[in-house]
Each structure stands twice: as structure tokens, then as C-alpha cells.
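Next comes query06.txt, with compact mmCIF, C-alpha atoms.
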```txt
# COMPACT_ATOMS: atom_id res chain seq x y z
CA MET V 1 131.93 71.03 66.15
CA SER V 2 130.12 74.23 66.81
CA GLU V 3 132.27 77.05 68.04
CA PRO V 4 131.61 78.35 71.58
CA ALA V 5 131.65 81.86 70.21
CA ASP V 6 128.35 81.04 68.54
CA ARG V 7 125.96 83.58 70.05
CA ILE V 8 122.97 81.91 71.73
CA ASP V 9 119.97 84.14 72.26
CA ASP V 10 117.17 83.84 74.81
CA ASP V 11 114.79 82.28 72.31
CA GLU V 12 117.15 79.38 71.92
CA LEU V 13 117.64 79.06 75.65
CA HIS V 14 113.89 78.81 76.14
CA ALA V 15 113.65 76.25 73.38
CA PHE V 16 116.41 74.34 75.14
CA VAL V 17 114.47 74.36 78.43
CA ASP V 18 111.26 73.32 76.67
CA ALA V 19 112.95 70.64 74.58
CA GLN V 20 111.79 72.40 71.45
CA ILE V 21 115.20 72.63 69.89
CA ASP V 22 116.91 70.70 67.19
CA ALA V 23 119.28 68.18 68.77
CA SER V 24 122.11 69.47 66.58
CA ARG V 25 122.05 72.78 68.48
CA VAL V 26 122.48 71.22 71.90
CA PRO V 27 126.31 71.05 71.92
CA ALA V 28 126.55 74.73 71.00
CA ILE V 29 124.11 75.66 73.75
CA LEU V 30 125.95 73.61 76.36
CA ALA V 31 129.21 75.21 75.31
CA TRP V 32 127.62 78.63 75.62
CA LEU V 33 126.29 77.90 79.09
CA GLN V 34 129.70 76.72 80.25
CA THR V 35 131.20 80.04 79.38
CA HIS V 36 128.25 82.18 80.49
CA PRO V 37 127.45 81.39 84.13
CA GLN V 38 124.70 84.00 84.33
CA ASP V 39 122.85 82.41 81.48
CA ALA V 40 123.47 79.01 83.01
CA ALA V 41 121.94 80.12 86.33
CA LYS V 42 118.98 81.59 84.50
CA VAL V 43 118.38 78.45 82.46
CA LEU V 44 118.62 76.30 85.58
CA GLN V 45 115.96 78.38 87.29
CA TRP V 46 113.68 78.36 84.29
CA GLN V 47 114.08 74.63 84.18
CA ALA V 48 113.36 74.30 87.92
CA HIS V 49 110.24 76.43 87.63
CA ARG V 50 109.10 74.37 84.69
CA VAL V 51 109.41 71.20 86.73
CA GLN V 52 107.70 72.76 89.76
CA LEU V 53 104.84 74.08 87.67
CA ARG V 54 104.28 70.63 86.25
CA GLN V 55 104.32 69.18 89.75
CA LEU V 56 101.85 71.79 90.87
CA ALA V 57 99.57 70.92 87.97
CA ARG V 58 99.76 67.24 88.78
CA ALA V 59 99.16 67.79 92.50
CA LEU V 60 96.02 69.88 91.97
CA ASP V 61 93.04 68.20 93.52
CA LEU V 62 90.26 68.88 91.07
CA GLY V 63 87.79 66.40 92.46
CA GLU V 64 85.33 64.66 90.21
CA THR V 65 84.17 66.43 87.12
CA PRO V 66 80.90 68.14 88.05
CA ALA V 67 77.96 66.51 86.29
CA SER V 68 76.90 69.94 85.06
CA LEU V 69 79.99 70.09 82.83
CA ASN V 70 79.43 66.70 81.26
CA ASP V 71 75.76 67.62 80.88
CA VAL V 72 76.58 70.58 78.66
CA VAL V 73 78.13 68.21 76.18
CA THR V 74 75.77 65.26 76.46
CA ARG V 75 72.79 67.55 76.11
CA ALA V 76 74.26 69.08 72.97
CA ALA V 77 75.13 65.62 71.68
CA ALA V 78 71.58 64.48 72.27
CA GLY V 79 70.35 67.60 70.49
CA GLU V 80 72.66 66.89 67.58
CA ARG V 81 71.42 63.35 67.40
CA ARG V 82 67.83 64.48 67.71
CA ARG V 83 68.20 67.03 64.94
CA SER V 84 69.71 64.52 62.60
CA LEU V 85 67.02 62.04 63.52
CA TRP V 86 64.25 64.49 62.82
CA GLN V 87 65.94 65.68 59.67
CA GLN V 88 65.68 62.19 58.33
CA ALA V 89 61.97 62.54 58.68
CA ALA V 90 61.22 59.81 56.22
CA ALA V 91 63.22 57.32 58.22
CA VAL V 92 61.63 58.23 61.48
CA LEU V 93 58.38 56.72 62.34
CA LEU V 94 56.69 57.41 65.58
CA LEU V 95 53.90 55.00 66.00
CA VAL V 96 51.84 54.93 69.07
CA THR V 97 50.47 51.51 68.66
CA GLY V 98 47.99 51.68 71.45
CA ALA V 99 47.54 49.67 74.50
CA LEU V 100 48.37 46.08 74.96
CA ALA V 101 46.00 43.55 76.24
CA GLY V 102 45.04 44.28 79.81
CA GLY V 103 45.82 41.98 82.61
CA ARG V 104 46.28 41.96 86.29
CA TYR V 105 49.65 43.66 85.93
CA TRP V 106 48.16 46.67 84.34
CA GLY V 107 46.17 47.73 87.30
CA GLN V 108 42.65 48.98 87.15
CA THR V 109 42.79 50.68 83.79
CA SER V 110 41.18 48.75 81.03
CA ALA V 111 43.07 47.97 77.89
CA GLY V 112 43.32 50.59 75.22
CA GLN V 113 41.97 53.40 77.31
CA LEU V 114 43.37 56.21 79.29
CA SER V 115 42.27 56.09 82.86
CA GLY V 116 40.35 59.31 82.77
CA PRO V 117 39.63 62.47 80.85
CA VAL V 118 42.87 63.80 79.47
CA ALA V 119 43.76 67.45 79.17
CA PRO V 120 45.46 68.48 75.92
CA ALA V 121 48.67 69.32 77.82
CA THR V 122 48.73 65.79 79.09
CA MET V 123 48.36 64.39 75.64
CA ALA V 124 51.31 66.48 74.55
CA ALA V 125 53.34 65.64 77.65
CA SER V 126 53.34 61.90 77.41
CA PRO V 127 54.73 61.46 73.91
CA ASP V 128 57.36 64.10 74.73
CA PHE V 129 58.87 62.21 77.56
CA VAL V 130 58.65 58.98 75.63
CA ARG V 131 60.43 60.53 72.70
CA ASP V 132 63.10 61.84 75.09
CA ALA V 133 63.40 58.38 76.54
CA VAL V 134 63.89 56.76 73.16
CA LEU V 135 66.42 59.37 72.14
CA ALA V 136 68.33 59.02 75.39
CA HIS V 137 68.26 55.29 74.77
CA ALA V 138 69.64 55.75 71.26
CA VAL V 139 72.38 58.10 72.47
CA PHE V 140 73.72 56.10 75.39
CA VAL V 141 73.15 52.47 74.48
CA PRO V 142 75.98 52.43 71.92
CA GLU V 143 78.40 53.94 74.46
CA LYS V 144 81.11 51.50 75.45
CA ARG V 145 82.92 53.46 78.12
CA HIS V 146 80.40 56.06 79.20
CA ALA V 147 77.19 54.08 79.02
CA VAL V 148 76.36 55.04 82.58
CA GLU V 149 77.38 57.82 84.91
CA VAL V 150 77.25 55.79 88.09
CA ALA V 151 77.86 52.06 87.89
CA ALA V 152 75.61 49.47 89.45
CA SER V 153 78.47 48.37 91.69
CA ASP V 154 77.44 51.32 93.79
CA GLU V 155 73.71 50.73 93.53
CA ALA V 156 72.74 52.22 96.86
CA HIS V 157 74.52 55.45 96.02
CA LEU V 158 73.08 55.42 92.51
CA VAL V 159 69.53 55.15 93.74
CA GLN V 160 70.04 57.66 96.51
CA TRP V 161 71.66 60.16 94.20
CA LEU V 162 69.03 59.92 91.46
CA SER V 163 66.20 59.97 94.00
CA ARG V 164 67.59 63.15 95.44
CA ARG V 165 68.04 64.77 92.06
CA LEU V 166 64.56 63.79 90.89
CA GLY V 167 63.10 64.76 94.24
CA SER V 168 61.32 61.50 94.88
CA PRO V 169 62.39 58.06 96.07
CA LEU V 170 63.06 55.81 93.10
CA LYS V 171 63.05 52.06 92.87
CA VAL V 172 65.26 50.13 90.52
CA PRO V 173 63.65 46.94 89.33
CA SER V 174 65.77 43.83 89.03
CA LEU V 175 65.68 42.05 85.69
CA ALA V 176 68.13 39.35 86.74
CA MET V 177 65.52 36.62 86.25
CA GLN V 178 65.15 37.75 82.65
CA GLY V 179 68.91 37.64 82.16
CA TYR V 180 69.51 41.38 82.31
CA ARG V 181 71.89 42.84 84.82
CA LEU V 182 71.86 46.47 85.89
CA LEU V 183 74.82 48.42 84.46
CA GLY V 184 74.06 51.64 86.27
CA GLY V 185 72.33 54.90 85.64
CA ARG V 186 72.62 58.49 84.73
CA LEU V 187 70.96 61.81 85.30
CA LEU V 188 69.57 63.53 82.22
CA PRO V 189 68.17 66.99 81.68
CA GLY V 190 64.52 67.20 80.77
CA GLU V 191 61.79 69.70 80.16
CA GLY V 192 61.26 71.25 83.56
CA THR V 193 62.56 68.37 85.63
CA PRO V 194 65.60 66.13 85.53
CA ARG V 195 65.21 62.54 84.39
CA ALA V 196 66.87 59.30 85.33
CA GLN V 197 67.97 56.54 83.03
CA PHE V 198 68.84 53.05 84.20
CA MET V 199 70.58 50.72 81.81
CA TYR V 200 70.51 46.92 81.75
CA GLU V 201 72.44 44.47 79.65
CA ASN V 202 72.09 40.76 78.98
CA ALA V 203 74.78 38.18 78.25
CA GLN V 204 74.47 38.83 74.50
CA GLY V 205 75.20 42.52 75.06
CA SER V 206 71.66 43.58 74.27
CA ARG V 207 70.68 46.63 76.28
CA VAL V 208 67.43 48.05 77.56
CA THR V 209 66.92 51.30 79.40
CA LEU V 210 64.35 52.40 81.91
CA TYR V 211 63.68 56.11 81.80
CA VAL V 212 62.00 57.75 84.76
CA VAL V 213 60.34 61.16 85.01
CA VAL V 214 59.02 62.62 88.21
CA PHE V 215 56.49 65.27 87.30
CA GLU V 216 56.14 68.42 89.32
CA PRO V 217 53.15 68.40 91.66
CA GLY V 218 50.13 69.38 89.65
CA GLN V 219 51.98 68.88 86.38
CA ALA V 220 51.61 65.14 86.26
CA PRO V 221 49.52 63.88 83.39
CA ASP V 222 46.77 61.48 84.34
CA SER V 223 47.83 57.93 84.74
CA THR V 224 47.78 55.97 81.55
CA SER V 225 47.68 52.33 80.89
CA PHE V 226 50.50 50.54 79.27
CA ARG V 227 51.31 51.75 75.79
CA SER V 228 54.00 51.13 73.30
CA ALA V 229 55.76 53.42 70.89
CA ARG V 230 58.21 52.60 68.17
CA ILE V 231 60.90 54.85 66.76
CA GLY V 232 63.03 53.18 64.12
CA SER V 233 63.99 49.79 65.48
CA GLU V 234 63.64 50.83 69.11
CA GLU V 235 60.53 49.84 70.91
CA SER V 236 59.45 51.61 74.03
CA PHE V 237 56.75 50.70 76.54
CA TYR V 238 55.54 53.51 78.70
CA TRP V 239 53.05 54.23 81.39
CA ILE V 240 52.28 56.97 83.88
CA GLU V 241 51.59 56.18 87.47
CA GLU V 242 50.67 59.09 89.68
CA ARG V 243 53.64 61.48 89.56
CA PHE V 244 55.91 59.02 87.80
CA GLY V 245 56.33 58.46 84.10
CA TYR V 246 58.22 55.38 82.96
CA ALA V 247 59.49 54.29 79.58
CA LEU V 248 61.28 51.03 78.97
CA SER V 249 63.12 51.04 75.65
CA GLY V 250 65.07 48.43 73.82
CA ASP V 251 65.86 46.89 70.51
CA VAL V 252 64.48 43.56 71.62
CA ASN V 253 61.85 41.58 69.75
CA GLY V 254 58.29 42.40 70.66
CA PRO V 255 57.19 39.60 73.01
CA ASP V 256 60.45 39.70 75.00
CA MET V 257 60.22 43.43 75.36
CA GLN V 258 56.68 43.06 76.53
CA ALA V 259 57.71 40.49 79.12
CA LEU V 260 60.44 42.79 80.41
CA ALA V 261 58.05 45.70 80.61
CA ARG V 262 55.54 43.56 82.46
CA GLU V 263 58.20 42.62 84.98
CA VAL V 264 59.28 46.22 85.50
CA TYR V 265 55.73 47.37 85.86
CA GLY V 266 55.01 44.65 88.37
CA GLN V 267 58.03 45.45 90.51
CA LEU V 268 57.40 49.18 90.51
CA GLU V 269 53.81 48.59 91.52
CA ARG V 270 54.83 47.00 94.77
CA MET S 1 81.48 61.30 66.09
CA GLY S 2 80.01 64.55 67.24
CA VAL S 3 80.38 67.00 70.03
CA GLU S 4 80.61 64.22 72.64
CA GLN S 5 84.29 63.96 71.76
CA ALA S 6 84.72 66.99 73.97
CA LEU S 7 83.88 64.86 77.02
CA GLY S 8 87.33 63.31 77.09
CA HIS S 9 88.97 66.72 77.26
CA ILE S 10 87.06 68.06 80.24
CA PRO S 11 89.55 66.97 82.93
CA ALA S 12 92.43 68.64 81.10
CA LEU S 13 90.38 71.79 80.53
CA ARG S 14 89.54 71.94 84.23
CA ARG S 15 93.18 71.63 85.20
CA TYR S 16 94.24 74.31 82.78
CA ALA S 17 91.43 76.65 83.81
CA ARG S 18 92.27 76.14 87.45
CA LEU S 19 95.84 77.21 86.93
CA LEU S 20 94.76 80.06 84.69
CA THR S 21 92.22 81.54 87.08
CA GLY S 22 93.64 80.31 90.38
CA ASP S 23 90.14 79.65 91.63
CA ALA S 24 88.16 76.41 91.54
CA THR S 25 84.72 77.92 91.03
CA ARG S 26 85.82 80.42 88.47
CA ALA S 27 87.71 77.67 86.67
CA ASP S 28 84.67 75.43 86.35
CA ASP S 29 82.57 78.39 85.24
CA LEU S 30 85.11 79.06 82.55
CA VAL S 31 85.09 75.41 81.48
CA GLN S 32 81.31 75.46 81.37
CA ASP S 33 81.29 78.60 79.21
CA THR S 34 83.90 77.03 76.98
CA LEU S 35 81.89 73.85 76.51
CA GLU S 36 78.73 75.80 75.81
CA ARG S 37 80.54 77.86 73.24
CA ALA S 38 82.04 74.73 71.73
CA CYS S 39 78.61 73.13 71.41
CA ILE S 40 77.23 76.21 69.67
CA LYS S 41 80.20 76.58 67.37
CA TRP S 42 80.69 72.88 66.85
CA ALA S 43 80.05 73.12 63.12
CA LEU S 44 83.06 75.44 62.86
CA TRP S 45 85.49 72.92 64.25
CA GLN S 46 87.46 71.24 61.50
CA PRO S 47 87.66 67.51 62.17
CA GLY S 48 91.26 67.44 60.87
CA SER S 49 92.48 69.85 63.52
CA VAL S 50 93.26 69.12 67.12
CA LEU S 51 90.16 69.38 69.28
CA ARG S 52 92.01 70.22 72.51
CA SER S 53 93.71 73.20 70.89
CA TRP S 54 90.44 74.46 69.53
CA LEU S 55 88.81 74.18 72.95
CA LEU S 56 91.73 75.99 74.56
CA SER S 57 91.51 78.80 72.06
CA LEU S 58 87.78 79.18 72.80
CA MET S 59 88.68 79.27 76.47
CA HIS S 60 91.36 81.84 75.84
CA ASN S 61 88.90 84.19 74.14
CA LEU S 62 86.30 83.76 76.86
CA HIS S 63 88.85 84.30 79.56
CA LEU S 64 90.11 87.47 77.93
CA ASN S 65 86.54 88.76 77.90
CA HIS S 66 86.08 87.87 81.54
CA VAL S 67 89.30 89.55 82.50
CA ARG S 68 88.23 92.63 80.59
CA ASP S 69 84.94 92.60 82.45
CA TRP S 70 86.66 92.33 85.79
CA ARG S 71 89.54 94.54 84.78
CA HIS S 72 90.37 95.62 88.30
CA ASP S 73 91.36 92.23 89.64
CA ASP S 74 92.99 90.68 86.58
CA GLY S 75 90.66 87.71 86.88
CA HIS S 76 92.93 85.95 89.26
CA ILE S 77 92.61 84.94 92.85
CA ALA S 78 95.99 83.69 93.80
CA LEU S 79 96.04 82.52 97.34
CA GLU S 80 93.22 82.43 99.77
CA ASP S 81 90.77 80.56 97.60
CA ALA S 82 93.21 78.03 96.29
CA PRO S 83 94.45 76.08 99.26
CA GLU S 84 97.20 73.61 98.59
CA PRO S 85 96.76 69.93 99.21
CA THR S 86 98.13 69.43 102.68
CA HIS S 87 99.70 66.01 102.38
CA ASP S 88 103.11 67.46 101.52
CA PRO S 89 105.82 68.21 104.05
CA MET S 90 105.76 71.83 105.12
CA ALA S 91 108.82 72.89 103.23
CA ARG S 92 107.42 71.56 100.01
CA ALA S 93 104.06 73.19 100.55
CA ALA S 94 105.71 76.52 101.19
CA GLU S 95 107.73 76.26 98.04
CA ARG S 96 104.68 75.48 95.95
CA LEU S 97 102.74 78.26 97.48
CA ASP S 98 105.44 80.60 96.40
CA LEU S 99 105.27 79.19 92.95
CA GLN S 100 101.51 79.48 92.86
CA GLN S 101 101.75 82.99 94.22
CA ALA S 102 104.23 83.92 91.56
CA LEU S 103 102.08 82.33 88.87
CA GLY S 104 99.10 84.29 90.14
CA ALA S 105 101.07 87.50 90.08
CA LEU S 106 101.82 87.22 86.37
CA PRO S 107 99.72 89.20 83.95
CA THR S 108 97.17 86.91 82.31
CA GLN S 109 98.79 86.92 78.90
CA MET S 110 102.13 85.80 80.29
CA ARG S 111 100.50 83.15 82.46
CA GLU S 112 98.65 81.74 79.46
CA VAL S 113 101.81 81.31 77.43
CA LEU S 114 103.69 79.79 80.32
CA LEU S 115 100.91 77.26 80.96
CA LEU S 116 100.46 76.33 77.32
CA VAL S 117 104.17 75.73 76.89
CA THR S 118 105.09 74.06 80.17
CA ILE S 119 101.94 72.27 81.31
CA GLU S 120 100.23 71.51 78.02
CA GLU S 121 103.56 71.14 76.20
CA TYR S 122 102.48 72.92 73.08
CA THR S 123 105.13 74.03 70.65
CA TYR S 124 105.63 77.76 70.37
CA ALA S 125 103.89 77.72 66.99
CA GLU S 126 100.89 75.83 68.39
CA ALA S 127 100.64 78.18 71.35
CA ALA S 128 100.72 81.12 68.94
CA ASP S 129 97.91 79.53 66.99
CA ILE S 130 95.77 78.96 70.08
CA LEU S 131 96.26 82.52 71.28
CA GLY S 132 95.95 84.03 67.83
CA VAL S 133 99.25 85.92 68.05
CA PRO S 134 102.56 85.68 66.13
CA VAL S 135 105.24 83.27 67.38
CA GLY S 136 107.45 86.26 68.21
CA THR S 137 104.83 87.46 70.66
CA VAL S 138 104.71 84.05 72.29
CA MET S 139 108.49 84.11 72.69
CA SER S 140 108.59 87.54 74.24
CA ARG S 141 105.69 86.78 76.59
CA LEU S 142 107.34 83.51 77.58
CA HIS S 143 110.58 85.28 78.29
CA ARG S 144 108.94 87.98 80.35
CA ALA S 145 106.90 85.37 82.21
CA ARG S 146 109.96 83.37 83.14
CA GLU S 147 112.03 86.33 84.14
CA ARG S 148 109.15 87.62 86.23
CA MET S 149 108.79 84.25 87.94
CA ARG S 150 112.49 84.27 88.65
CA GLU S 151 112.37 87.71 90.20
CA LEU S 152 109.33 86.87 92.28
CA MET S 153 110.61 83.56 93.49
CA THR S 154 114.19 84.58 93.98
CA GLY S 155 112.99 87.49 96.04
CA ASN S 156 111.20 85.04 98.30
CA ALA S 157 113.64 82.20 98.44
CA GLU S 158 117.07 83.80 98.31
CA PRO S 159 116.75 87.42 99.28
CA ALA S 160 120.49 87.85 99.76
CA ARG S 161 121.51 86.89 96.29
CA PRO S 162 121.93 89.86 93.99
CA THR S 163 120.18 89.36 90.70
CA PRO S 164 121.92 91.34 88.03
CA LEU S 165 119.37 93.04 85.87
CA GLN S 166 119.80 92.24 82.26
CA LEU S 167 118.43 94.28 79.48
CA VAL S 168 116.79 91.95 77.03
CA LYS S 169 115.58 93.18 73.69
```

Represent the structure from my file as C-alpha cells, please.
Amino acid sequence: MSEPADRIDDDELHAFVDAQIDASRVPAILAWLQTHPQDAAKVLQWQAHRVQLRQLARALDLGETPASLNDVVTRAAAGERRRSLWQQAAAVLLLVTGALAGGRYWGQTSAGQLSGPVAPATMAASPDFVRDAVLAHAVFVPEKRHAVEVAASDEAHLVQWLSRRLGSPLKVPSLAMQGYRLLGGRLLPGEGTPRAQFMYENAQGSRVTLYVVVFEPGQAPDSTSFRSARIGSEESFYWIEERFGYALSGDVNGPDMQALAREVYGQLER
Amino acid sequence: MGVEQALGHIPALRRYARLLTGDATRADDLVQDTLERACIKWALWQPGSVLRSWLLSLMHNLHLNHVRDWRHDDGHIALEDAPEPTHDPMARAAERLDLQQALGALPTQMREVLLLVTIEEYTYAEAADILGVPVGTVMSRLHRARERMRELMTGNAEPARPTPLQLVK
């Protein structure tokens, strides 16, 4: 047994309160406290304050994490991913494969042509947002738990929120007939304006994303017909309609992807 | 895995920052600065080490800078901007307010140690590591923090009881 005369200093009393002490020292400390009421009172108060502080911490109402905080990280993560993608330049292939066959879905623009004279800025702008779309697709599609920021279970809120943040009413197409259900969406930072991403998933777990840009008034590139771009194994169909730019991306075989894009285009037209 | 690992730590960082600064807005600003710093310095983080500790040490450094910048107010708003949740019975709310008040009245360095040890449950050695000070410094700050809390809260709760002043080291 440890002798009560064993001098216990404050460091050990703190360690006792914080449970950072070797169990073999506990009997000596208890013996000390029994014979030193002032220390005992002190330790009891330290202990009480410790408990109260922990209660205070638990009771704090912090609300939801502001999106701006998550954005700091997701933006950096996207940047990280982008850098490593571009560093593997040989593996990255950006192929604008040109327009698909025209059809009634594609509106008035004829196949393979832009709908009007295109300023150089416009030429630069469209691949940029498409590249962002494909990268955002690549970043978030593998996510199990954080694939979307707002789940589809709250679709009205999702649409309202993203419409407000993008500054224009958005529509979310339904791909249920094609076997894809809406998982939800997220807000993403973009050059100049925020972007929205909607994610869909089919029964096999295959995911496609619809990326939406609302251009600032006067900044919108001219409308383009349907085009497709390919980065790695991801295929993306994109088009620009007035102030809106859309890109539908997925790792789905060509014809299916095309059918999905057709459907989305058709629904957004209405 | 890259910097997105930090996402999972954001709620804990917000809680800690809130208690450290005593102010919701200032806390989230501090978390934002911390995350930005973490993203910039990400390459310096050693995957073997504990991410939360690294983030807290970044936050500690940023907070020290802020406090230096604001010098005159110690970087802490204790009461008026940090209302308590009101669902508690009055007595309880009053007690916590005293606690929060006392916490807010501590010098920053003492408050940091107290929070790291009691809320985050770091060992003394880990807390020393996060703050970049020797363990002995952690112990003396912890002791002063607790004795200060005791004085402040005893003064409020039991004014009649004489508290014998002890000389400690």
C-alpha cells in the first residue's frame, strides 16, 4: 500500500481530475485527499467545472455548418484533383468531338454549327465550364456519404435554394423513365458565378451529373448546339441556351448517355 | 485521400472555436481561416499524424495572431453575443452563464489549455504539442486556469465562503 504521507502535488491532482493518471497512483491520491480537505474541496470543484464545461460544449447550438466552410475544403480538393489530372497530361484527353446529329430536340440550330458568330471569349468560356463540370463530376461521383449537399428528399428546398444562389429559377429534369433517380444537388464555386450540380443514380449505382451555369447578363456566350466532350472515361454533353449553360456528364456508354442528354435537353426546353 | 478529409473535422473545429472566441461569427471566421491555411499548407501535413491536432494547432496560431491584432479586447466576447440556449430551467441557465462568463474572463492561453484538456480530451503532452509549448507550461496554465475559474465562480455562487489563498509554485 502507498503511505498517506506520500506528497501529492497539484500536477497529480489535475491528472487525477482529467483521468490522465496511472491507476496505481489512485489509492495514494485518495488517501491524500482524505487527509487534506482543502485539496479535496479544490479537486471536487475542478471536477465539477470540468463536467459543466463539457455540458456547455455539448449544449452549444452551432446550427448547420455554413456552406462557405465546406466550400473552402471542397474547392481545394477539386483544385488538388484538377492539378493532379492536368499533371498527368498524357492521360488526359480533352476531345471536343463536335455536334451530334441534329433533330427536333436540338432546336433551331443545325448540326455541327454554332448558332451564330462566336466571340473569342465565348469560345474560351464554353470549354471552361464543361471542364469544370467534368471535374466536379469526377470529384463528387465517387463520394459515398457526401455525394450531395442537399438530398432529393427535400427537392423543393433544393431547387429553391440553388435557384436563389444562382440567381435564376432552375428546373430539375426527371430521369426516372430512364431508370435514374435524383440523389440531390450541391452548390459549387465557379469563375464569376456559382454553379449547381445535380446528381442522379440508377439501380446499378451508375451516376450522372447535370451541371448548370447561369451566366451574368451580357456575359452569356451565344447559344450552342449540342456538343460532346470526353475527358478520360467521362463523357459530357453540353449546350448553352440563352443565359444557361448545361453539361451532363457520366461514365455511361455513348448511346445511353446521348439518350439521357436528349431527355434532359427536352425537359429543360419546355 | 486528400484535403477533403478535413471536412469531417469541421463540426468539432466550430465547437472549439466557439468556446475559444465566445462569439459565433468570430468562431466561424476563425474556422474559415484555419481551413484556408490548412488547404494551403496541406502538403506539410504528415499523413501519419493526427489531422485534428494539426488543424487545432493551425487554429491556435491564427487565433494568437488575431488576439495580438485586437490586443485591447483579448479576442473574446463573453456574454452579450453568446446567448445561451433557453430550453434549460432558469437555475441551470444561470449556472452555465456563470461558467461561460468565467471561461470568457480567462486569458486566452489559459482558456486554450483548459479547452484542449477538458473538451477535446487531449493528454497534456498532446496539448503541449498543439500549442508548441513544453508540458510544464501546459500544467502551469491548466492550474492557473482552474484556480481562476474557481475564484470567479466561487465569488458568484458562494460569496460567503472564505477561500483560503494558497501559494502554489

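Those DNA, RNA and protein residues that approach the point (85.5, 70.3, 64.7) to within 12 Å, considering only C-alpha atoms, are Met1, Gly2, Val3, Glu4, Gln5, Ala6, Ala38, Cys39, Ile40, Lys41, Trp42, Ala43, Leu44, Trp45, Gln46, Pro47, Gly48, Ser49, Val50, Leu51, Arg52, Ser53, Trp54 and Leu55 of chain S.
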
- Select residues of chain V: the criterion is any atom within 8 Å of an atom of chain S, counting all atoms listed in the file; output as a list in words. Asp10, Asp11, His14, Asp18, Gln20, Gln45, Trp46, His49, Arg50, Gln52, Leu53, Arg54, Leu56, Ala57, Ala59, Leu60, Asp61, Leu62, Thr65, Ser68, Leu69, Asn70, Val72, Val73, Thr74, Ala76, Ala77 and Glu80 of chain V

- Query: How many Å lie between atom CA of Glu12 of chain V and atom CA of Gln109 of chain S, rounded to one decimal?
  - Reply: 21.0 Å

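Of the residues listed (V:Ala247, V:Gln219, V:Val150, V:Gly266), V:Ala247 shows the shortest atom-to-atom separation from Val134 of chain V; distances use all atoms listed in the file.
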
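You will find atom CA of Pro189 of chain V at 19.3 Å from atom CA of Ser236 of chain V.
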
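Residues in contact with Glu242 of chain V at up to 9 Å, not including ones fewer than 4 positions away on its chain and judged by all atoms listed in the file, are V:Phe215, V:Ala220, V:Pro221, V:Asp222, V:Ser223.
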
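Between atom CA of Arg195 of chain V and atom CA of Ala259 of chain V there is a distance of 23.9 Å.
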
- Do a neighbour search on segment 24-27 of chain V at 12 Å with all atoms listed in the file, toss out local chain neighbours closer than 2 positions, and write the hits as a VMD selection string. chain V and resid 1 to 4 6 to 8 12 to 13 15 to 17 19 to 22 29 to 34

- Item | Within-6 Å shell of (94.3, 83.9, 71.8) in input frame, only C-alpha atoms, as an NGL selection string | :S and (57 or 60-61 or 130-132)

Exercise: Leu248 of chain V partners within 12 Å, all atoms listed in the file, chain neighbours under 2 positions left out, as a tab-separated table (two decimals) with C-alpha atoms, in the frame of the given file:
```tsv
chain	number	residue	atom	x	y	z
V	129	PHE	CA	58.87	62.21	77.56
V	130	VAL	CA	58.65	58.98	75.63
V	131	ARG	CA	60.43	60.53	72.70
V	132	ASP	CA	63.10	61.84	75.09
V	133	ALA	CA	63.40	58.38	76.54
V	134	VAL	CA	63.89	56.76	73.16
V	135	LEU	CA	66.42	59.37	72.14
V	136	ALA	CA	68.33	59.02	75.39
V	137	HIS	CA	68.26	55.29	74.77
V	173	PRO	CA	63.65	46.94	89.33
V	196	ALA	CA	66.87	59.30	85.33
V	197	GLN	CA	67.97	56.54	83.03
V	198	PHE	CA	68.84	53.05	84.20
V	199	MET	CA	70.58	50.72	81.81
V	200	TYR	CA	70.51	46.92	81.75
V	207	ARG	CA	70.68	46.63	76.28
V	208	VAL	CA	67.43	48.05	77.56
V	209	THR	CA	66.92	51.30	79.40
V	210	LEU	CA	64.35	52.40	81.91
V	211	TYR	CA	63.68	56.11	81.80
V	212	VAL	CA	62.00	57.75	84.76
V	213	VAL	CA	60.34	61.16	85.01
V	226	PHE	CA	50.50	50.54	79.27
V	227	ARG	CA	51.31	51.75	75.79
V	228	SER	CA	54.00	51.13	73.30
V	229	ALA	CA	55.76	53.42	70.89
V	230	ARG	CA	58.21	52.60	68.17
V	234	GLU	CA	63.64	50.83	69.11
V	235	GLU	CA	60.53	49.84	70.91
V	236	SER	CA	59.45	51.61	74.03
V	237	PHE	CA	56.75	50.70	76.54
V	238	TYR	CA	55.54	53.51	78.70
V	239	TRP	CA	53.05	54.23	81.39
V	240	ILE	CA	52.28	56.97	83.88
V	245	GLY	CA	56.33	58.46	84.10
V	246	TYR	CA	58.22	55.38	82.96
V	250	GLY	CA	65.07	48.43	73.82
V	251	ASP	CA	65.86	46.89	70.51
V	252	VAL	CA	64.48	43.56	71.62
V	257	MET	CA	60.22	43.43	75.36
V	258	GLN	CA	56.68	43.06	76.53
V	259	ALA	CA	57.71	40.49	79.12
V	260	LEU	CA	60.44	42.79	80.41
V	261	ALA	CA	58.05	45.70	80.61
V	262	ARG	CA	55.54	43.56	82.46
V	263	GLU	CA	58.20	42.62	84.98
V	264	VAL	CA	59.28	46.22	85.50
V	265	TYR	CA	55.73	47.37	85.86
```

Give me the box for segment 185-201 of chain V as AutoDock Vina command-line options, namely the centre and edge lengths in Å to one decimal of a box along x, y and z that holds every listed atom plus 3 Å on each side.
```
--center_x 66.9 --center_y 57.9 --center_z 82.6 --size_x 17.4 --size_y 32.8 --size_z 12.0
```

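Here the question is which of V:Asp9, V:Ala48, V:Leu188, V:Asp71 gets nearest to His36 of chain V using only C-alpha atoms, and that residue is V:Asp9.
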